[in-house]
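*Asks:* Below is the file work.txt, with compact mmCIF, C-alpha atoms and all ligand atoms.
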# COMPACT_ATOMS: atom_id res chain seq x y z
CA MET A 110 -284.57 -26.71 -106.94
CA ILE A 111 -283.97 -29.18 -104.10
CA PRO A 112 -286.87 -29.15 -101.57
CA ARG A 113 -285.66 -28.33 -98.03
CA ASP A 114 -287.52 -31.27 -96.56
CA HIS A 115 -285.79 -33.79 -98.84
CA PRO A 116 -284.15 -36.43 -96.60
CA ARG A 117 -280.87 -36.05 -98.50
CA TYR A 118 -281.09 -32.24 -98.68
CA ARG A 119 -277.56 -31.56 -97.44
CA SER A 120 -275.93 -34.17 -99.62
CA LEU A 121 -277.84 -32.99 -102.69
CA THR A 122 -277.06 -29.30 -102.14
CA VAL A 123 -273.36 -30.10 -101.66
CA ARG A 124 -273.42 -32.11 -104.92
CA GLU A 125 -275.14 -29.23 -106.68
CA ALA A 126 -272.53 -26.76 -105.38
CA LEU A 127 -269.66 -29.04 -106.39
CA ALA A 128 -271.13 -29.57 -109.86
CA ALA A 129 -271.37 -25.78 -110.27
CA ALA A 130 -267.77 -25.47 -109.02
CA ALA A 131 -266.72 -28.07 -111.60
CA ARG A 132 -268.48 -26.13 -114.36
CA SER A 133 -266.61 -22.99 -113.34
CA GLY A 134 -263.29 -24.86 -113.21
CA LEU A 135 -262.71 -24.47 -109.45
CA VAL A 136 -263.15 -28.22 -108.95
CA SER A 137 -261.75 -30.73 -111.44
CA LEU A 138 -264.00 -33.45 -112.92
CA GLU A 139 -261.74 -35.96 -111.16
CA GLY A 140 -262.53 -34.07 -107.93
CA LEU A 141 -266.19 -34.99 -108.36
CA ALA A 142 -265.23 -38.67 -108.46
CA ALA A 143 -263.12 -38.22 -105.32
CA HIS A 144 -266.13 -36.62 -103.60
CA GLY A 145 -268.24 -39.65 -104.53
CA ARG A 146 -265.76 -41.98 -102.86
CA GLY A 147 -265.90 -39.80 -99.76
CA GLU A 148 -269.72 -39.85 -99.73
CA ALA A 149 -269.72 -43.64 -99.82
CA PHE A 150 -267.47 -43.87 -96.77
CA ASP A 151 -269.44 -41.15 -94.99
CA TYR A 152 -272.58 -43.24 -95.50
CA LEU A 153 -270.80 -46.20 -93.91
CA ILE A 154 -269.68 -44.20 -90.89
CA GLY A 155 -273.19 -42.82 -90.36
CA GLU A 156 -272.55 -39.23 -91.55
CA ARG A 157 -271.49 -38.18 -88.07
CA THR A 158 -268.33 -37.54 -86.11
CA THR A 159 -267.50 -40.68 -84.15
CA GLU A 160 -266.01 -40.54 -80.68
CA SER A 161 -262.72 -41.76 -82.10
CA ALA A 162 -262.70 -39.08 -84.84
CA ALA A 163 -263.41 -36.42 -82.19
CA ALA A 164 -260.39 -37.67 -80.24
CA ALA A 165 -258.29 -37.42 -83.42
CA GLU A 166 -259.59 -33.88 -84.00
CA ARG A 167 -258.57 -32.90 -80.49
CA LEU A 168 -255.10 -34.37 -81.03
CA ALA A 169 -254.86 -32.58 -84.38
CA ALA A 170 -255.61 -29.27 -82.66
CA LYS A 171 -252.87 -29.92 -80.12
CA LEU A 172 -250.40 -30.74 -82.90
CA ILE A 173 -251.31 -27.64 -84.93
CA ILE A 174 -250.98 -25.22 -82.03
CA SER A 175 -247.70 -26.91 -81.01
CA ALA A 176 -246.20 -26.59 -84.52
CA LYS A 177 -243.84 -23.75 -85.41
CA ARG A 178 -244.74 -23.65 -89.12
CA PRO A 179 -248.12 -25.31 -89.69
CA VAL A 180 -249.51 -25.19 -93.22
CA ILE A 181 -253.02 -26.05 -94.41
CA SER A 182 -252.72 -27.50 -97.91
CA VAL A 183 -255.83 -26.77 -99.98
CA ASN A 184 -257.03 -28.24 -103.26
CA GLY A 185 -260.07 -27.44 -105.40
CA ASN A 186 -262.54 -29.68 -103.53
CA CYS A 187 -261.39 -28.37 -100.14
CA ALA A 188 -261.79 -24.77 -101.29
CA ALA A 189 -265.24 -25.41 -102.78
CA LEU A 190 -266.48 -27.33 -99.74
CA ALA A 191 -264.90 -25.48 -96.86
CA ALA A 192 -263.42 -22.05 -97.67
CA GLN A 193 -265.09 -20.46 -94.65
CA GLU A 194 -264.05 -23.28 -92.31
CA ILE A 195 -260.46 -22.91 -93.53
CA ALA A 196 -260.60 -19.16 -92.84
CA ASN A 197 -261.87 -19.83 -89.31
CA LEU A 198 -259.13 -22.39 -88.58
CA GLN A 199 -256.51 -20.00 -89.93
CA LYS A 200 -257.80 -17.19 -87.72
CA VAL A 201 -257.51 -19.28 -84.58
CA THR A 202 -254.14 -20.91 -85.34
CA GLY A 203 -252.31 -18.44 -87.58
CA ALA A 204 -251.48 -21.38 -89.88
CA ALA A 205 -250.35 -20.60 -93.41
CA VAL A 206 -252.65 -21.68 -96.24
CA GLU A 207 -251.13 -22.89 -99.50
CA VAL A 208 -252.92 -24.05 -102.64
CA ASN A 209 -251.64 -27.36 -103.99
CA LEU A 210 -253.33 -28.98 -107.00
CA PHE A 211 -252.89 -32.28 -108.79
CA HIS A 212 -254.65 -30.91 -111.90
CA ARG A 213 -252.65 -27.72 -111.82
CA THR A 214 -252.87 -24.85 -114.28
CA GLU A 215 -252.07 -21.21 -113.58
CA ASP A 216 -255.76 -20.38 -114.13
CA ARG A 217 -256.96 -22.94 -111.58
CA MET A 218 -254.30 -21.87 -109.06
CA ARG A 219 -255.60 -18.30 -109.36
CA GLN A 220 -259.24 -19.38 -109.25
CA VAL A 221 -258.81 -21.47 -106.08
CA THR A 222 -256.76 -18.68 -104.48
CA ASP A 223 -259.36 -16.03 -105.35
CA HIS A 224 -262.17 -18.19 -103.97
CA LEU A 225 -260.30 -18.63 -100.66
CA VAL A 226 -259.44 -14.92 -100.45
CA ALA A 227 -263.10 -14.03 -101.04
CA HIS A 228 -263.90 -16.05 -97.90
CA GLY A 229 -261.29 -14.26 -95.80
CA VAL A 230 -258.38 -16.70 -96.12
CA LYS A 231 -254.86 -15.27 -96.32
CA VAL A 232 -253.26 -17.38 -99.04
CA LEU A 233 -249.49 -17.74 -99.46
CA THR A 234 -248.39 -16.95 -102.99
CA GLY A 235 -245.04 -16.83 -104.72
CA THR A 236 -242.85 -18.93 -106.96
CA CYS A 237 -243.26 -22.65 -106.49
CA GLU A 238 -240.39 -25.10 -106.69
CA ARG A 239 -240.38 -28.90 -106.90
CA LEU A 240 -239.38 -29.34 -103.26
CA VAL A 241 -241.36 -32.54 -102.71
CA PRO A 242 -239.83 -35.33 -104.82
CA LEU A 243 -242.81 -36.25 -107.00
CA ALA A 244 -243.02 -36.39 -110.80
CA HIS A 245 -246.47 -34.76 -110.85
CA ASP A 246 -247.40 -31.20 -110.00
CA ARG A 247 -248.29 -31.86 -106.37
CA GLY A 248 -244.52 -31.83 -105.86
CA LEU A 249 -244.53 -28.09 -106.54
CA CYS A 250 -244.73 -25.94 -103.44
CA LEU A 251 -243.58 -22.67 -101.89
CA PRO A 252 -240.22 -22.64 -100.06
CA GLU A 253 -241.75 -20.45 -97.33
CA GLY A 254 -244.88 -22.66 -97.12
CA ILE A 255 -245.04 -26.44 -97.44
CA GLY A 256 -241.33 -26.38 -98.35
CA SER A 257 -240.37 -25.42 -94.79
CA ALA A 258 -243.44 -26.52 -92.81
CA ASP A 259 -243.06 -28.80 -89.81
CA LEU A 260 -246.71 -29.84 -90.00
CA ILE A 261 -249.06 -30.05 -92.96
CA LEU A 262 -252.82 -30.54 -92.76
CA VAL A 263 -254.17 -32.20 -95.88
CA ALA A 264 -257.60 -33.36 -97.04
CA LEU A 265 -258.72 -35.28 -100.12
CA GLU A 266 -255.09 -36.11 -100.59
CA ASP A 267 -253.35 -38.66 -102.75
CA GLY A 268 -251.14 -41.13 -100.98
CA ASP A 269 -247.89 -40.50 -102.78
CA ARG A 270 -247.53 -36.90 -101.60
CA CYS A 271 -248.41 -37.93 -98.07
CA GLU A 272 -245.73 -40.62 -98.25
CA ALA A 273 -243.16 -38.18 -99.68
CA LEU A 274 -243.88 -35.59 -96.97
CA ARG A 275 -243.55 -38.23 -94.24
CA LYS A 276 -240.21 -39.37 -95.73
CA MET A 277 -239.11 -35.72 -95.50
CA GLY A 278 -239.79 -35.93 -91.75
CA ARG A 279 -242.92 -33.77 -91.77
CA ILE A 280 -245.90 -34.34 -89.54
CA VAL A 281 -248.93 -34.94 -91.75
CA ILE A 282 -252.49 -34.72 -90.48
CA ALA A 283 -254.95 -36.14 -93.00
CA ILE A 284 -258.71 -35.67 -93.09
CA ASP A 285 -259.92 -38.66 -95.08
CA LEU A 286 -263.18 -40.56 -94.88
CA ASN A 287 -261.54 -43.66 -96.33
CA PRO A 288 -259.61 -45.45 -93.57
CA LEU A 289 -258.19 -47.83 -96.21
CA SER A 290 -256.59 -45.17 -98.42
CA ARG A 291 -252.82 -44.93 -98.68
CA THR A 292 -253.05 -41.40 -97.32
CA ALA A 293 -254.96 -42.57 -94.25
CA ARG A 294 -252.42 -45.33 -93.62
CA LEU A 295 -249.34 -43.18 -94.20
CA ALA A 296 -250.26 -39.99 -92.32
CA THR A 297 -248.98 -39.26 -88.82
CA LEU A 298 -252.58 -38.79 -87.77
CA THR A 299 -255.72 -39.48 -89.77
CA ILE A 300 -259.10 -38.00 -88.96
CA VAL A 301 -261.76 -40.25 -90.46
CA ASP A 302 -264.46 -37.61 -90.72
CA GLU A 303 -266.04 -35.40 -93.34
CA LEU A 304 -264.07 -32.22 -94.07
CA THR A 305 -266.83 -29.75 -93.14
CA ARG A 306 -267.42 -31.51 -89.82
CA ALA A 307 -263.71 -32.02 -89.06
CA LEU A 308 -262.47 -28.45 -89.62
CA PRO A 309 -264.88 -26.69 -87.20
CA ALA A 310 -264.20 -29.40 -84.61
CA ILE A 311 -260.42 -28.88 -84.89
CA THR A 312 -260.94 -25.10 -84.70
CA ALA A 313 -263.02 -25.43 -81.53
CA PHE A 314 -260.39 -27.69 -79.92
CA CYS A 315 -257.64 -25.20 -80.87
CA GLU A 316 -259.39 -22.69 -78.62
CA THR A 317 -259.34 -24.99 -75.59
CA GLU A 318 -256.16 -27.09 -76.00
CA ARG A 319 -252.72 -25.97 -74.84
CA ALA A 320 -249.56 -26.23 -76.91
CA GLY A 321 -246.82 -28.72 -76.04
CA ASP A 322 -243.54 -29.83 -77.59
CA LEU A 323 -244.47 -30.90 -81.14
CA SER A 324 -242.35 -34.05 -81.35
CA GLU A 325 -243.41 -35.14 -77.87
CA VAL A 326 -247.07 -34.70 -78.83
CA ALA A 327 -246.60 -36.52 -82.16
CA ASP A 328 -244.41 -39.44 -81.06
CA PRO A 329 -246.95 -41.51 -79.16
CA ILE A 330 -249.70 -41.18 -81.79
CA ASP A 331 -251.18 -44.57 -82.65
CA ASN A 332 -252.71 -43.84 -86.05
CA LYS A 333 -253.50 -47.51 -86.65
CA LYS A 334 -255.87 -47.39 -83.70
CA PHE A 335 -257.85 -44.48 -85.19
CA LEU A 336 -258.13 -46.39 -88.48
CA ALA A 337 -259.16 -49.59 -86.71
CA ASP A 338 -261.80 -47.65 -84.75
CA ALA A 339 -263.25 -46.24 -88.00
CA LEU A 340 -263.33 -49.66 -89.66
CA ARG A 341 -265.02 -51.14 -86.59
CA GLU A 342 -267.70 -48.41 -86.65
CA MET A 343 -268.34 -49.11 -90.35
CA ARG A 344 -268.43 -52.88 -89.80
CA GLU A 345 -270.91 -52.51 -86.94
CA ARG A 346 -273.25 -50.51 -89.15
CA LEU A 347 -273.04 -53.15 -91.88
CA ILE A 348 -274.05 -56.03 -89.62
P1 LIG B 1 -254.84 -42.76 -101.81
O1 LIG B 1 -253.81 -42.47 -102.88
O2 LIG B 1 -254.52 -42.10 -100.53
O3 LIG B 1 -255.20 -44.23 -101.66
P2 LIG B 1 -257.31 -42.01 -103.21
O4 LIG B 1 -256.93 -42.60 -104.50
O5 LIG B 1 -258.53 -42.48 -102.51
O6 LIG B 1 -256.14 -41.98 -102.16
P3 LIG B 1 -258.20 -39.42 -104.02
O7 LIG B 1 -259.25 -40.02 -104.84
O8 LIG B 1 -257.29 -38.40 -104.57
O9 LIG B 1 -257.31 -40.47 -103.36
O10 LIG B 1 -258.76 -38.78 -102.69
C1 LIG B 1 -259.98 -38.67 -102.29
C2 LIG B 1 -260.04 -39.13 -100.86
O11 LIG B 1 -260.68 -38.15 -100.08
C3 LIG B 1 -260.84 -40.41 -100.77
O12 LIG B 1 -260.19 -41.33 -99.94
C4 LIG B 1 -262.16 -39.98 -100.16
O13 LIG B 1 -262.66 -40.95 -99.29
C5 LIG B 1 -261.78 -38.73 -99.38
N1 LIG B 1 -262.84 -37.69 -99.36
C6 LIG B 1 -263.60 -37.26 -100.39
N2 LIG B 1 -264.43 -36.28 -100.01
C7 LIG B 1 -264.19 -36.07 -98.69
C8 LIG B 1 -264.70 -35.17 -97.73
N3 LIG B 1 -265.64 -34.27 -98.04
N4 LIG B 1 -264.23 -35.23 -96.47
C9 LIG B 1 -263.24 -36.11 -96.15
N5 LIG B 1 -262.70 -37.00 -97.02
C10 LIG B 1 -263.17 -36.97 -98.28
Now that the file is in, can you turn its structure into C-alpha cells?
*Replies:*
Amino acid sequence: MIPRDHPRYRSLTVREALAAAARSGLVSLEGLAAHGRGEAFDYLIGERTTESAAAAERLAAKLIISAKRPVISVNGNCAALAAQEIANLQKVTGAAVEVNLFHRTEDRMRQVTDHLVAHGVKVLTGTCERLVPLAHDRGLCLPEGIGSADLILVALEDGDRCEALRKMGRIVIAIDLNPLSRTARLATLTIVDELTRALPAITAFCETERAGDLSEVADPIDNKKFLADALREMRERLI
C-alpha cells in the first residue's frame, strides 16, 4: 500500500498499475522498460507541461480537427496509462482509434481492445494487412484505419514505423518525452510531454481551436524548434 502523502505517490501508483497490467498481459515486459525511459526524461523536464509543449499540444489539436481521417494509434502502455483520456479525445474529435502492437498476439490485441472499450473507446476492428512496409508486426494495420489515415497520433512509438508513415506522406504527431528519440526527430510534430498530461491538453485545445486546411497547417511546423526547446528546458534544470 503506497501512502498518499508519499512524495512520489503518483509515480509509484502508476508503476504499480503498470506492473499489474504487465502481469495480466495488457502491457508487455518491454513496455515497462519503455516506461522507465519516459520517467527519466519526465524527471529532467520537471514533470510538468512546458510552455513549448503546450504550444505543440495546441498545434496538434488544430491538426487533428483539420484532418479528414485522423487515427489515434494505441499500444499496451497507452491503453494502460490513458484509456479514459483516449476516450475523451475521441469524443471531442471523432478520431478513429486503432490498436497497433509491436509484441502482437491475437490475445493481446483482444485484451488491449477490451480494456479500451471498457473505458468507452470505440475501437476499429477488422482484418489487418501489412500496409506499412515494416518487417515486424507494427506494419500490420487496418485498411480503413491507419491504412488510409491522413494523420496518425502516436505515443511510446518506435522510430521505424514513424519513419515509414512519414515516407508514406502521412502527418505523424508523436507524444514522446525523449526529444532525442528517432520518433521525436522524425515526426511531423512532437509533443515532449507525458502522455496523461498531453492528451487532456490536446482535448481541451480541440474544443477551442478552429479547423484549417490540413497541409497549410502542417507545412510551416518547425519540429526541430520544439525539440530544441525541450532540450534547453532539460539542460537548464541540470545546471
Ligand atoms: P526510437 O526508436 O524512436 O528512438 P525508443 O527506442 O526510445 O524510440 P521505445 O522504447 O519503443 O522507443 O519507446 C518508448 C518511448 O516513449 C521513449 O522515448 C520514452 O521516452 C517515451 N515514453 C515512455 N513513457 C512515456 C509516457 N508516459 N509519456 C510520453 N512518452 C513516454
*Asks:* Do you have, as JSON lines, the list of residues of chain A lying at most 10 Å from ligand LIG 1 (chain B), each with its nearest atom pair and that distance in Å to one decimal, counting all atoms listed in the file and ordered by chain then number?
*Replies:*
{"residue": "A:Val123", "atom": "CA", "partner": "B:LIG1", "partner_atom": "N3", "distance": 9.5}
{"residue": "A:Glu139", "atom": "CA", "partner": "B:LIG1", "partner_atom": "O7", "distance": 7.9}
{"residue": "A:Gly140", "atom": "CA", "partner": "B:LIG1", "partner_atom": "O7", "distance": 7.5}
{"residue": "A:Leu141", "atom": "CA", "partner": "B:LIG1", "partner_atom": "N2", "distance": 8.6}
{"residue": "A:Ala142", "atom": "CA", "partner": "B:LIG1", "partner_atom": "O7", "distance": 7.1}
{"residue": "A:Ala143", "atom": "CA", "partner": "B:LIG1", "partner_atom": "O7", "distance": 4.3}
{"residue": "A:His144", "atom": "CA", "partner": "B:LIG1", "partner_atom": "N2", "distance": 4.0}
{"residue": "A:Gly145", "atom": "CA", "partner": "B:LIG1", "partner_atom": "C6", "distance": 6.7}
{"residue": "A:Arg146", "atom": "CA", "partner": "B:LIG1", "partner_atom": "O13", "distance": 4.8}
{"residue": "A:Gly147", "atom": "CA", "partner": "B:LIG1", "partner_atom": "O13", "distance": 3.5}
{"residue": "A:Glu148", "atom": "CA", "partner": "B:LIG1", "partner_atom": "N2", "distance": 6.4}
{"residue": "A:Ala149", "atom": "CA", "partner": "B:LIG1", "partner_atom": "O13", "distance": 7.6}
{"residue": "A:Phe150", "atom": "CA", "partner": "B:LIG1", "partner_atom": "O13", "distance": 6.2}
{"residue": "A:Asp151", "atom": "CA", "partner": "B:LIG1", "partner_atom": "N4", "distance": 8.0}
{"residue": "A:Asn186", "atom": "CA", "partner": "B:LIG1", "partner_atom": "N2", "distance": 7.7}
{"residue": "A:Cys187", "atom": "CA", "partner": "B:LIG1", "partner_atom": "N3", "distance": 7.6}
{"residue": "A:Leu190", "atom": "CA", "partner": "B:LIG1", "partner_atom": "N3", "distance": 7.2}
{"residue": "A:Ala191", "atom": "CA", "partner": "B:LIG1", "partner_atom": "N3", "distance": 8.9}
{"residue": "A:Phe211", "atom": "CA", "partner": "B:LIG1", "partner_atom": "O8", "distance": 8.6}
{"residue": "A:Val263", "atom": "CA", "partner": "B:LIG1", "partner_atom": "O11", "distance": 9.8}
{"residue": "A:Ala264", "atom": "CA", "partner": "B:LIG1", "partner_atom": "N5", "distance": 6.3}
{"residue": "A:Leu265", "atom": "CA", "partner": "B:LIG1", "partner_atom": "O11", "distance": 3.5}
{"residue": "A:Glu266", "atom": "CA", "partner": "B:LIG1", "partner_atom": "O10", "distance": 5.0}
{"residue": "A:Asp267", "atom": "CA", "partner": "B:LIG1", "partner_atom": "O1", "distance": 3.8}
{"residue": "A:Gly268", "atom": "CA", "partner": "B:LIG1", "partner_atom": "O1", "distance": 3.5}
{"residue": "A:Asp269", "atom": "CA", "partner": "B:LIG1", "partner_atom": "O1", "distance": 6.2}
{"residue": "A:Arg270", "atom": "CA", "partner": "B:LIG1", "partner_atom": "O1", "distance": 8.5}
{"residue": "A:Cys271", "atom": "CA", "partner": "B:LIG1", "partner_atom": "O2", "distance": 7.8}
{"residue": "A:Glu272", "atom": "CA", "partner": "B:LIG1", "partner_atom": "O2", "distance": 9.2}
{"residue": "A:Ala283", "atom": "CA", "partner": "B:LIG1", "partner_atom": "N5", "distance": 8.8}
{"residue": "A:Ile284", "atom": "CA", "partner": "B:LIG1", "partner_atom": "C9", "distance": 5.5}
{"residue": "A:Asp285", "atom": "CA", "partner": "B:LIG1", "partner_atom": "N5", "distance": 3.8}
{"residue": "A:Leu286", "atom": "CA", "partner": "B:LIG1", "partner_atom": "N5", "distance": 4.2}
{"residue": "A:Asn287", "atom": "CA", "partner": "B:LIG1", "partner_atom": "O13", "distance": 4.2}
{"residue": "A:Pro288", "atom": "CA", "partner": "B:LIG1", "partner_atom": "O12", "distance": 7.6}
{"residue": "A:Leu289", "atom": "CA", "partner": "B:LIG1", "partner_atom": "O3", "distance": 7.2}
{"residue": "A:Ser290", "atom": "CA", "partner": "B:LIG1", "partner_atom": "O3", "distance": 3.6}
{"residue": "A:Arg291", "atom": "CA", "partner": "B:LIG1", "partner_atom": "O2", "distance": 3.8}
{"residue": "A:Thr292", "atom": "CA", "partner": "B:LIG1", "partner_atom": "O2", "distance": 3.6}
{"residue": "A:Ala293", "atom": "CA", "partner": "B:LIG1", "partner_atom": "O2", "distance": 6.3}
{"residue": "A:Arg294", "atom": "CA", "partner": "B:LIG1", "partner_atom": "O2", "distance": 7.9}
{"residue": "A:Leu295", "atom": "CA", "partner": "B:LIG1", "partner_atom": "O2", "distance": 8.3}
{"residue": "A:Ala296", "atom": "CA", "partner": "B:LIG1", "partner_atom": "O2", "distance": 9.5}
{"residue": "A:Ile300", "atom": "CA", "partner": "B:LIG1", "partner_atom": "C9", "distance": 8.5}
{"residue": "A:Val301", "atom": "CA", "partner": "B:LIG1", "partner_atom": "C9", "distance": 7.2}
{"residue": "A:Asp302", "atom": "CA", "partner": "B:LIG1", "partner_atom": "C9", "distance": 5.8}
{"residue": "A:Glu303", "atom": "CA", "partner": "B:LIG1", "partner_atom": "N4", "distance": 3.6}
{"residue": "A:Leu304", "atom": "CA", "partner": "B:LIG1", "partner_atom": "N4", "distance": 3.9}
{"residue": "A:Thr305", "atom": "CA", "partner": "B:LIG1", "partner_atom": "N3", "distance": 6.8}
{"residue": "A:Arg306", "atom": "CA", "partner": "B:LIG1", "partner_atom": "N4", "distance": 8.3}
{"residue": "A:Ala307", "atom": "CA", "partner": "B:LIG1", "partner_atom": "N4", "distance": 8.1}
{"residue": "A:Leu308", "atom": "CA", "partner": "B:LIG1", "partner_atom": "N4", "distance": 9.8}
*Asks:* Could you give me the axis-aligned bounding box of stretch 254-259 of chain A, with 6 Å of padding per side, as centre plus edge lengths in Å to one decimal, as lines of an AutoDock Vina configuration file?
*Replies:*
center_x = -242.7
center_y = -25.7
center_z = -94.1
size_x = 16.7
size_y = 18.1
size_z = 20.5
*Asks:* Which is closer to A:Ser175 than all the others in A:Leu210, A:Ile195, A:Leu323, A:Val136, using all atoms listed in the file?
*Replies:*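 Looking only at the distances to A:Ser175, the closest residue turns out to be A:Leu323.
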*Asks:* Name the residues in contact with A:Thr122 at a cut-off of 8 Å, using only C-alpha atoms, excluding same-chain residues fewer than 4 positions from it; report them as a VMD selection string.
*Replies:* chain A and resid 111 118 126
*Asks:* Between atom CA of A:Ala192 and atom CA of A:Gly229, what is the distance in Å, rounded to a tenth?
*Replies:*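 Taking atom CA of A:Ala192 and atom CA of A:Gly229, their separation equals 8.3 Å.
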*Asks:* Which residue gives the smallest distance to A:Val226 among A:Ser137, A:Thr297, A:Gln193, A:Ser182, with only C-alpha atoms counted?
*Replies:*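 Checking each candidate against A:Val226, we get A:Gln193 as the closest.
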*Asks:* Find the residues around stretch 160-168 of chain A up to 10 Å (all atoms listed in the file counted), leave out those fewer than 2 positions away in its own chain, and share them as an MDAnalysis selection string.
*Replies:* chainID A and resid 157:158 170:173 282 284 298:303 306:315 317:318 326:327 330 332 334:339 342
*Asks:* Can you tell me, as a PyMOL selection string, what residues are no more than 12 Å from stretch 239-251 of chain A when counting all atoms listed in the file, ignoring any on the same chain fewer than 2 positions away?
*Replies:* chain A and resi 180+182-184+205-215+218+232-237+253-258+266-279
*Asks:* Within 6 Å of A:Pro179, counting only C-alpha atoms, which residues show up once you throw out same-chain ones fewer than 6 positions away? Write them as a list in words, please.
*Replies:*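 Contacts, with the query itself left out: Ala204, Ala258, Leu260 and Ile261 of chain A.
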*Asks:* Output the selection as an mmCIF file, in the coordinates of the input - C-alpha atoms for each residue.
*Replies:*
data_model
loop_
_atom_site.group_PDB
_atom_site.id
_atom_site.type_symbol
_atom_site.label_atom_id
_atom_site.label_comp_id
_atom_site.auth_asym_id
_atom_site.auth_seq_id
_atom_site.Cartn_x
_atom_site.Cartn_y
_atom_site.Cartn_z
ATOM 1 C CA ALA A 204 -251.480 -21.380 -89.880
ATOM 2 C CA ALA A 258 -243.440 -26.520 -92.810
ATOM 3 C CA LEU A 260 -246.710 -29.840 -90.000
ATOM 4 C CA ILE A 261 -249.060 -30.050 -92.960
#
*Asks:* Hey, can you check how far atom CA of A:Ile348 sits from atom CA of A:Tyr152?
*Replies:*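 Calculated distance between atom CA of A:Ile348 and atom CA of A:Tyr152 is 14.2 Å.
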